[in-house]
$ cat target.txt   # compact mmCIF, C-alpha atoms
# COMPACT_ATOMS: atom_id res chain seq x y z
CA MET K 1 -14.96 -8.69 -20.73
CA THR K 2 -12.38 -10.13 -18.36
CA ILE K 3 -12.79 -13.32 -16.34
CA ARG K 4 -12.25 -12.85 -12.61
CA ALA K 5 -12.10 -15.45 -9.84
CA THR K 6 -14.51 -14.03 -7.27
CA VAL K 7 -15.21 -15.10 -3.70
CA LYS K 8 -18.53 -16.88 -3.51
CA GLY K 9 -18.32 -18.19 0.06
CA VAL K 10 -16.02 -18.52 3.07
CA GLY K 11 -15.93 -20.71 6.18
CA HIS K 12 -13.66 -22.07 8.88
CA TYR K 13 -13.35 -24.72 11.56
CA LEU K 14 -11.44 -24.81 14.84
CA PRO K 15 -10.98 -27.91 17.02
CA ASP K 16 -12.91 -27.96 20.29
CA ARG K 17 -9.86 -28.00 22.54
CA VAL K 18 -8.76 -24.49 23.51
CA VAL K 19 -5.26 -24.23 24.95
CA PRO K 20 -4.56 -21.04 26.94
CA ASN K 21 -1.01 -19.83 27.51
CA ALA K 22 -1.18 -20.87 31.14
CA GLU K 23 -1.32 -24.54 30.12
CA PHE K 24 2.30 -24.38 28.97
CA GLU K 25 3.56 -23.29 32.37
CA ALA K 26 3.37 -26.89 33.61
CA ILE K 27 5.66 -28.31 30.89
CA ILE K 28 8.19 -25.57 30.04
CA GLU K 29 9.71 -22.45 31.56
CA THR K 30 7.32 -19.79 30.30
CA SER K 31 4.37 -17.65 31.34
CA ASP K 32 1.27 -16.08 29.88
CA GLU K 33 2.95 -12.66 30.03
CA TRP K 34 6.10 -13.93 28.27
CA ILE K 35 4.09 -15.45 25.40
CA ARG K 36 1.76 -12.46 24.99
CA SER K 37 4.56 -9.91 25.02
CA ARG K 38 6.56 -11.71 22.33
CA SER K 39 3.81 -12.97 20.05
CA GLY K 40 0.44 -11.45 20.96
CA ILE K 41 -0.95 -14.98 21.36
CA GLU K 42 -3.38 -15.66 24.19
CA GLN K 43 -4.69 -19.09 23.20
CA ARG K 44 -4.81 -21.59 20.37
CA HIS K 45 -6.78 -24.72 19.40
CA PHE K 46 -5.37 -28.26 19.28
CA ALA K 47 -6.89 -31.13 17.30
CA ALA K 48 -8.19 -34.07 19.31
CA GLU K 49 -6.51 -37.47 19.20
CA GLY K 50 -7.55 -39.11 15.94
CA GLN K 51 -8.71 -35.82 14.43
CA MET K 52 -6.78 -35.37 11.20
CA THR K 53 -5.97 -32.41 8.97
CA SER K 54 -8.47 -33.74 6.42
CA ASP K 55 -11.19 -33.69 9.10
CA LEU K 56 -10.55 -30.01 9.83
CA ALA K 57 -10.37 -29.21 6.11
CA THR K 58 -13.67 -30.97 5.42
CA ARG K 59 -15.46 -29.07 8.19
CA ALA K 60 -14.19 -25.75 6.82
CA ALA K 61 -15.19 -26.78 3.30
CA VAL K 62 -18.74 -27.61 4.40
CA ALA K 63 -19.01 -24.18 6.04
CA ALA K 64 -17.72 -22.39 2.92
CA LEU K 65 -20.09 -24.30 0.64
CA ALA K 66 -23.02 -23.43 2.90
CA ASP K 67 -22.00 -19.76 2.85
CA ALA K 68 -21.85 -19.90 -0.95
CA GLY K 69 -25.21 -21.66 -1.24
CA LEU K 70 -23.58 -24.50 -3.16
CA VAL K 71 -23.07 -28.24 -2.84
CA ALA K 72 -20.00 -30.36 -3.51
CA GLY K 73 -21.25 -31.32 -6.96
CA ASP K 74 -21.00 -27.66 -8.01
CA ILE K 75 -17.22 -27.65 -7.45
CA ASP K 76 -14.71 -28.46 -10.21
CA ALA K 77 -11.46 -28.38 -8.22
CA ILE K 78 -10.29 -28.67 -4.63
CA ILE K 79 -6.89 -27.30 -3.64
CA VAL K 80 -5.67 -27.82 -0.08
CA ALA K 81 -2.70 -25.91 1.27
CA THR K 82 -1.07 -27.89 4.07
CA SER K 83 2.29 -28.96 5.49
CA THR K 84 0.70 -31.47 7.87
CA PRO K 85 -1.08 -34.02 5.67
CA ASP K 86 -2.70 -37.10 7.19
CA LEU K 87 -0.37 -39.31 5.16
CA THR K 88 2.55 -38.83 2.80
CA PHE K 89 0.00 -39.64 0.11
CA PRO K 90 -2.73 -39.55 -1.04
CA SER K 91 -3.38 -35.83 -0.79
CA VAL K 92 -5.57 -34.27 1.85
CA ALA K 93 -7.56 -32.73 -1.02
CA THR K 94 -8.65 -36.12 -2.34
CA MET K 95 -9.67 -37.12 1.19
CA VAL K 96 -11.81 -33.98 1.41
CA GLN K 97 -13.22 -34.73 -2.04
CA ALA K 98 -14.34 -38.18 -0.85
CA ALA K 99 -15.70 -36.86 2.46
CA LEU K 100 -17.81 -34.30 0.62
CA GLY K 101 -19.18 -36.96 -1.74
CA MET K 102 -17.70 -35.20 -4.77
CA THR K 103 -17.21 -37.73 -7.57
CA ARG K 104 -16.20 -35.39 -10.38
CA GLY K 105 -13.49 -32.82 -10.94
CA TYR K 106 -10.02 -33.04 -9.42
CA ALA K 107 -8.21 -32.39 -6.15
CA PHE K 108 -4.61 -31.83 -5.08
CA ASP K 109 -2.45 -30.34 -2.33
CA VAL K 110 -0.07 -27.38 -2.37
CA GLN K 111 2.86 -27.20 0.07
CA ALA K 112 4.42 -23.80 0.74
CA VAL K 113 4.15 -23.92 4.54
CA CYS K 114 2.74 -20.66 5.97
CA ALA K 115 2.58 -19.13 2.49
CA GLY K 116 0.61 -22.14 1.27
CA PHE K 117 -2.81 -20.50 1.10
CA VAL K 118 -1.48 -17.60 -0.99
CA TYR K 119 0.08 -20.13 -3.37
CA ALA K 120 -3.14 -22.18 -3.48
CA LEU K 121 -5.27 -19.09 -4.10
CA THR K 122 -2.98 -18.03 -6.94
CA THR K 123 -3.14 -21.54 -8.43
CA ALA K 124 -6.94 -21.61 -8.23
CA ASN K 125 -7.08 -18.20 -9.91
CA ALA K 126 -4.92 -19.48 -12.78
CA LEU K 127 -7.15 -22.55 -13.22
CA ILE K 128 -10.25 -20.38 -13.39
CA LEU K 129 -8.72 -17.84 -15.78
CA SER K 130 -7.51 -20.63 -18.08
CA GLY K 131 -10.94 -22.30 -18.15
CA GLN K 132 -9.80 -25.43 -16.31
CA ALA K 133 -12.35 -24.79 -13.55
CA ASN K 134 -15.47 -22.72 -13.11
CA ARG K 135 -15.60 -23.09 -9.33
CA ALA K 136 -12.74 -24.00 -7.00
CA LEU K 137 -12.69 -24.78 -3.30
CA VAL K 138 -9.45 -23.45 -1.79
CA ILE K 139 -8.61 -24.67 1.71
CA GLY K 140 -5.85 -24.05 4.21
CA ALA K 141 -5.71 -26.71 6.93
CA GLU K 142 -3.08 -27.64 9.50
CA THR K 143 -2.42 -29.73 12.61
CA PHE K 144 0.88 -28.09 13.53
CA SER K 145 0.56 -29.23 17.14
CA ARG K 146 1.87 -32.58 15.91
CA LEU K 147 5.16 -31.06 14.73
CA MET K 148 6.09 -29.36 18.00
CA ASN K 149 9.15 -29.96 20.14
CA TRP K 150 7.56 -29.51 23.56
CA LYS K 151 10.92 -28.67 25.12
CA ASP K 152 11.49 -25.66 22.83
CA ARG K 153 9.64 -22.75 24.40
CA GLY K 154 10.54 -20.51 21.48
CA THR K 155 8.35 -22.47 19.06
CA CYS K 156 5.88 -24.77 20.80
CA VAL K 157 3.82 -21.91 22.26
CA LEU K 158 3.33 -20.24 18.88
CA PHE K 159 1.36 -22.73 16.81
CA GLY K 160 -2.20 -24.03 16.68
CA ASP K 161 -4.53 -26.13 14.55
CA GLY K 162 -7.42 -25.10 12.33
CA ALA K 163 -8.79 -24.76 8.82
CA GLY K 164 -10.35 -22.13 6.58
CA ALA K 165 -11.83 -22.31 3.11
CA LEU K 166 -12.93 -20.10 0.22
CA VAL K 167 -15.14 -20.90 -2.75
CA LEU K 168 -13.98 -19.11 -5.89
CA GLU K 169 -16.20 -18.75 -8.94
CA ALA K 170 -15.57 -17.45 -12.46
CA SER K 171 -17.33 -14.12 -13.06
CA ASP K 172 -17.29 -11.46 -15.74
CA GLY K 173 -15.38 -8.27 -15.00
CA ALA K 174 -14.56 -5.08 -16.83
CA GLY K 175 -10.81 -5.63 -16.55
CA THR K 176 -10.30 -2.74 -14.12
CA ALA K 177 -9.24 -2.50 -10.49
CA ALA K 178 -12.89 -1.89 -9.61
CA ASP K 179 -13.74 -5.52 -10.48
CA ARG K 180 -14.63 -7.96 -7.76
CA GLY K 181 -12.35 -10.98 -7.43
CA ILE K 182 -8.61 -11.61 -7.55
CA LEU K 183 -6.89 -8.64 -9.18
CA SER K 184 -3.23 -9.62 -8.87
CA ALA K 185 -0.75 -11.91 -7.14
CA ASP K 186 2.96 -11.96 -6.37
CA LEU K 187 4.82 -15.17 -5.48
CA ASN K 188 8.43 -15.60 -4.38
CA SER K 189 10.83 -18.11 -2.86
CA ASP K 190 14.51 -18.32 -1.98
CA GLY K 191 15.86 -21.73 -1.00
CA ARG K 192 19.09 -20.25 0.37
CA PHE K 193 17.22 -19.60 3.62
CA ARG K 194 15.85 -23.11 4.11
CA ASP K 195 17.77 -23.60 7.36
CA ILE K 196 16.09 -20.80 9.33
CA LEU K 197 12.67 -22.50 9.34
CA TYR K 198 12.20 -26.20 8.67
CA VAL K 199 11.06 -29.58 10.03
CA ASN K 200 13.93 -31.96 10.79
CA GLY K 201 12.17 -35.09 9.55
CA GLY K 202 10.84 -36.75 6.42
CA THR K 203 11.83 -39.54 4.07
CA SER K 204 15.50 -38.69 4.65
CA THR K 205 15.20 -39.54 8.36
CA GLY K 206 12.26 -41.91 8.50
CA THR K 207 10.65 -39.71 11.16
CA THR K 208 8.00 -36.99 11.19
CA GLY K 209 10.41 -34.61 12.87
CA HIS K 210 9.88 -31.34 14.74
CA LEU K 211 9.73 -27.73 13.70
CA VAL K 212 13.02 -25.82 14.01
CA MET K 213 13.12 -22.03 13.74
CA GLU K 214 15.65 -19.25 14.08
CA GLY K 215 13.16 -16.69 15.30
CA LYS K 216 15.24 -13.52 14.92
CA GLU K 217 16.20 -14.36 11.34
CA VAL K 218 12.64 -15.24 10.37
CA PHE K 219 11.40 -11.99 11.93
CA ARG K 220 13.94 -9.95 9.98
CA HIS K 221 13.06 -11.52 6.65
CA ALA K 222 9.32 -11.46 7.32
CA ILE K 223 8.79 -7.72 7.73
CA GLU K 224 10.95 -6.79 4.76
CA LYS K 225 9.61 -9.43 2.39
CA LEU K 226 5.93 -9.15 3.34
CA ALA K 227 5.79 -5.40 2.81
CA GLU K 228 7.69 -5.76 -0.47
CA THR K 229 5.44 -8.46 -1.91
CA ALA K 230 2.30 -6.55 -0.92
CA HIS K 231 3.57 -3.43 -2.70
CA HIS K 232 4.43 -5.47 -5.81
CA ALA K 233 0.97 -7.06 -5.94
CA LEU K 234 -0.71 -3.66 -5.51
CA GLU K 235 1.44 -2.17 -8.28
CA LYS K 236 0.42 -5.01 -10.61
CA ALA K 237 -3.22 -4.13 -9.97
CA GLY K 238 -2.61 -0.40 -10.46
CA LEU K 239 -3.37 0.32 -6.80
CA THR K 240 -1.63 1.77 -3.74
CA PRO K 241 -1.81 1.10 0.01
CA ASP K 242 -4.21 4.05 0.29
CA ASP K 243 -6.76 2.02 -1.73
CA VAL K 244 -6.67 -0.92 0.71
CA ASP K 245 -9.62 -1.47 3.05
CA TRP K 246 -8.13 -4.47 4.84
CA ILE K 247 -4.78 -6.19 5.11
CA VAL K 248 -5.41 -9.85 5.98
CA PRO K 249 -1.96 -11.11 6.92
CA HIS K 250 -0.61 -14.49 7.88
CA GLN K 251 -1.20 -14.60 11.62
CA ALA K 252 2.27 -15.53 12.85
CA ASN K 253 3.20 -12.91 15.38
CA ILE K 254 1.64 -9.55 16.32
CA ARG K 255 5.02 -7.82 16.07
CA ILE K 256 5.45 -9.02 12.47
CA ILE K 257 1.90 -7.94 11.64
CA GLU K 258 2.46 -4.48 13.15
CA GLY K 259 5.89 -4.10 11.54
CA THR K 260 4.56 -4.98 8.10
CA ALA K 261 1.61 -2.58 8.43
CA LYS K 262 3.99 0.19 9.47
CA ARG K 263 6.22 -0.40 6.44
CA MET K 264 3.15 -0.30 4.21
CA GLN K 265 1.99 2.89 5.96
CA VAL K 266 -1.36 1.27 6.78
CA SER K 267 -2.86 1.81 10.23
CA MET K 268 -3.61 -1.23 12.39
CA ASP K 269 -7.32 -0.41 12.37
CA ARG K 270 -7.25 -1.62 8.74
CA VAL K 271 -5.64 -4.98 9.62
CA ILE K 272 -7.59 -8.15 10.43
CA VAL K 273 -5.97 -9.68 13.54
CA THR K 274 -6.86 -13.12 14.93
CA VAL K 275 -3.45 -14.32 16.17
CA GLN K 276 -4.48 -13.75 19.79
CA ASP K 277 -7.18 -16.43 19.51
CA HIS K 278 -5.66 -18.95 17.09
CA GLY K 279 -1.88 -18.67 17.29
CA ASN K 280 0.03 -19.43 14.11
CA THR K 281 -2.04 -21.91 12.10
CA SER K 282 0.33 -21.80 9.12
CA ALA K 283 -1.54 -22.21 5.80
CA ALA K 284 -4.88 -22.04 7.63
CA SER K 285 -4.32 -18.60 9.13
CA ILE K 286 -5.36 -16.37 6.20
CA PRO K 287 -8.61 -18.19 5.33
CA LEU K 288 -9.40 -18.39 9.05
CA ALA K 289 -8.89 -14.62 9.33
CA LEU K 290 -11.00 -13.99 6.22
CA SER K 291 -13.86 -16.06 7.62
CA VAL K 292 -13.64 -14.46 11.07
CA GLY K 293 -13.33 -11.00 9.53
CA LYS K 294 -16.51 -11.52 7.56
CA ALA K 295 -18.34 -12.96 10.59
CA ARG K 296 -17.31 -9.92 12.66
CA GLY K 297 -18.81 -7.61 10.04
CA GLN K 298 -15.42 -6.13 9.17
CA ILE K 299 -15.05 -7.45 5.61
CA LYS K 300 -17.89 -6.32 3.34
CA PRO K 301 -18.69 -6.73 -0.37
CA GLY K 302 -16.58 -4.38 -2.48
CA ASP K 303 -13.76 -4.08 0.08
CA LEU K 304 -10.22 -4.23 -1.29
CA LEU K 305 -8.08 -6.80 0.54
CA VAL K 306 -4.39 -7.66 0.54
CA THR K 307 -3.36 -11.05 1.88
CA GLU K 308 0.33 -11.73 2.48
CA ALA K 309 2.32 -14.57 4.05
CA ILE K 310 5.82 -15.99 4.46
CA GLY K 311 6.87 -19.49 5.44
CA GLY K 312 9.61 -22.08 5.30
CA GLY K 313 11.50 -22.30 2.05
CA LEU K 314 11.65 -19.38 2.34
CA ALA K 315 8.44 -18.93 0.37
CA TRP K 316 6.35 -15.78 0.43
CA GLY K 317 3.73 -13.94 -1.55
CA SER K 318 0.57 -11.86 -1.64
CA VAL K 319 -2.80 -11.62 -3.34
CA VAL K 320 -4.90 -8.52 -3.98
CA LEU K 321 -8.62 -9.18 -4.24
CA ARG K 322 -11.86 -7.26 -4.08
CA TRP K 323 -14.43 -9.00 -1.86
$ encode --input "target.txt" --output "structure tokens"
Amino acid sequence: MTIRATVKGVGHYLPDRVVPNAEFEAIIETSDEWIRSRSGIEQRHFAAEGQMTSDLATRAAVAALADAGLVAGDIDAIIVATSTPDLTFPSVATMVQAALGMTRGYAFDVQAVCAGFVYALTTANALILSGQANRALVIGAETFSRLMNWKDRGTCVLFGDGAGALVLEASDGAGTAADRGILSADLNSDGRFRDILYVNGGTSTGTTGHLVMEGKEVFRHAIEKLAETAHHALEKAGLTPDDVDWIVPHQANIRIIEGTAKRMQVSMDRVIVTVQDHGNTSAASIPLALSVGKARGQIKPGDLLVTEAIGGGLAWGSVVLRW
């Protein structure tokens, strides 16, 4: 027998405020057509004043627990992937732990920007396989609207706020690619490219800072690295792109999503796409897409999924799992 970390439940939360592309026309030189043609984004959600990343994460966690038929006391570990924590410390995860009324187990954050959920999922898998947890709540949550430079039309129109969550549970498997659960993962980073996507604030400046991005360079790295990491993860699991039912990519830009699918030789009708409705929600985008994909009736038990993401660092990676 082989232990597998299987998906027990999934959920998401989006703030009430919906921001269509047209809303940006009053503050910067842009248009709905310009934004759609370059990103595929039609709208995004922004958190309300006083609504924190931990609030979004908690709402997503409650939804995932309900979907799993579990309560907070059934969870051993909470891992939150975020680059927009409420405070420098304590972690968002411990705030979620308290909000859920969970008084046992442990909680911590993972920071790998847009690749954060892939890193968190891989970490949760390792904890389950090593016996450090039987059930883990893995959350991606962001309020990226608070990092925007509203004079930079190349970035401020791309991002949104939201949260998604998965409940993982230890299950017995046969040790084959037919098992349900996480089958393989591939993580990478290369700090030489830190300057093409970063936030120009922190303890070094005493400010929160704003997101800075060299879009063409990020685009070039993204398509190459995302297809490569997905192939590596599939190879580790003894699978090929032909075996994949759904690619669930980081929802950054429709052109990146399409370019990666083309490199993997997977048709777009096997890709979960939500970027048009949510924009780029960084670490929240993959769990959001998983939750929406299930709610749409696209993702079904037994389906083979590949999730892949790239973010500042550069950090990138992928996970192969059977739903």
$ residues_near_point --input "target.txt" --point "(4.3, -29.0, 4.9)" --cutoff "12 Å" --atoms "only C-alpha atoms" --output "ChimeraX atom specification"
/K:53,80-88,91-92,109-117,140-144,146-147,197-202,208-211,281-284,311-313,315
$ write_last_selection --input "target.txt" --atoms "C-alpha atoms" --output "CSV table (one decimal), in the coordinates of the input"
chain,number,residue,atom,x,y,z
K,53,THR,CA,-6.0,-32.4,9.0
K,80,VAL,CA,-5.7,-27.8,-0.1
K,81,ALA,CA,-2.7,-25.9,1.3
K,82,THR,CA,-1.1,-27.9,4.1
K,83,SER,CA,2.3,-29.0,5.5
K,84,THR,CA,0.7,-31.5,7.9
K,85,PRO,CA,-1.1,-34.0,5.7
K,86,ASP,CA,-2.7,-37.1,7.2
K,87,LEU,CA,-0.4,-39.3,5.2
K,88,THR,CA,2.6,-38.8,2.8
K,91,SER,CA,-3.4,-35.8,-0.8
K,92,VAL,CA,-5.6,-34.3,1.8
K,109,ASP,CA,-2.4,-30.3,-2.3
K,110,VAL,CA,-0.1,-27.4,-2.4
K,111,GLN,CA,2.9,-27.2,0.1
K,112,ALA,CA,4.4,-23.8,0.7
K,113,VAL,CA,4.2,-23.9,4.5
K,114,CYS,CA,2.7,-20.7,6.0
K,115,ALA,CA,2.6,-19.1,2.5
K,116,GLY,CA,0.6,-22.1,1.3
K,117,PHE,CA,-2.8,-20.5,1.1
K,140,GLY,CA,-5.8,-24.0,4.2
K,141,ALA,CA,-5.7,-26.7,6.9
K,142,GLU,CA,-3.1,-27.6,9.5
K,143,THR,CA,-2.4,-29.7,12.6
K,144,PHE,CA,0.9,-28.1,13.5
K,146,ARG,CA,1.9,-32.6,15.9
K,147,LEU,CA,5.2,-31.1,14.7
K,197,LEU,CA,12.7,-22.5,9.3
K,198,TYR,CA,12.2,-26.2,8.7
K,199,VAL,CA,11.1,-29.6,10.0
K,200,ASN,CA,13.9,-32.0,10.8
K,201,GLY,CA,12.2,-35.1,9.6
K,202,GLY,CA,10.8,-36.8,6.4
K,208,THR,CA,8.0,-37.0,11.2
K,209,GLY,CA,10.4,-34.6,12.9
K,210,HIS,CA,9.9,-31.3,14.7
K,211,LEU,CA,9.7,-27.7,13.7
K,281,THR,CA,-2.0,-21.9,12.1
K,282,SER,CA,0.3,-21.8,9.1
K,283,ALA,CA,-1.5,-22.2,5.8
K,284,ALA,CA,-4.9,-22.0,7.6
K,311,GLY,CA,6.9,-19.5,5.4
K,312,GLY,CA,9.6,-22.1,5.3
K,313,GLY,CA,11.5,-22.3,2.0
K,315,ALA,CA,8.4,-18.9,0.4
$ atom_distance --input "target.txt" --atom1 "atom CA of Ala174 of chain K" --atom2 "atom CA of Ala66 of chain K"
28.2 Å
$ residues_around --input "target.txt" --residues "Ala47 of chain K" --least-positions-apart "2" --cutoff "8 Å" --atoms "all atoms listed in the file" --output "list in words"
Pro15, Asp16, Arg17, His45, Glu49, Gln51, Met52, Thr143, Ser145, Asp161 and Gly162 of chain K
$ atom_distance --input "target.txt" --atom1 "atom CA of Glu169 of chain K" --atom2 "atom CA of Ala252 of chain K"
28.7 Å
$ closest_residue --input "target.txt" --among "K:Asp195, K:Asp67, K:Glu217, K:Asp76" --to "Ala165 of chain K" --atoms "all atoms listed in the file"
K:Asp67
$ atom_distance --input "target.txt" --atom1 "atom CA of Ala185 of chain K" --atom2 "atom CA of Thr123 of chain K"
10.0 Å
$ residues_near_point --input "target.txt" --point "(-10.2, -4.2, -16.5)" --cutoff "10 Å" --atoms "only C-alpha atoms" --output "number ranges by chain"
K: 1-4, 173-179, 183, 237
$ residues_around --input "target.txt" --residues "segment 134-136 of chain K" --least-positions-apart "5" --cutoff "7 Å" --atoms "only C-alpha atoms" --output "VMD selection string"
chain K and resid 75 to 78 124 128 167 to 170
$ closest_residue --input "target.txt" --among "K:Gly101, K:Gly297, K:Gly317, K:Gly40" --to "Leu121 of chain K" --atoms "all atoms listed in the file"
K:Gly317
$ closest_residue --input "target.txt" --among "K:Ile299, K:Ala63, K:Val266, K:Ile139" --to "Asp242 of chain K" --atoms "all atoms listed in the file"
K:Val266
$ closest_residue --input "target.txt" --among "K:Asp245, K:Asp172, K:Glu228, K:Glu25" --to "Pro301 of chain K" --atoms "all atoms listed in the file"
K:Asp245
$ closest_residue --input "target.txt" --among "K:Val320, K:Ile310, K:Ala68, K:Met268" --to "Val7 of chain K" --atoms "all atoms listed in the file"
K:Ala68
$ closest_residue --input "target.txt" --among "K:His12, K:Ala133, K:Gln251, K:Phe193" --to "His221 of chain K" --atoms "all atoms listed in the file"
K:Phe193
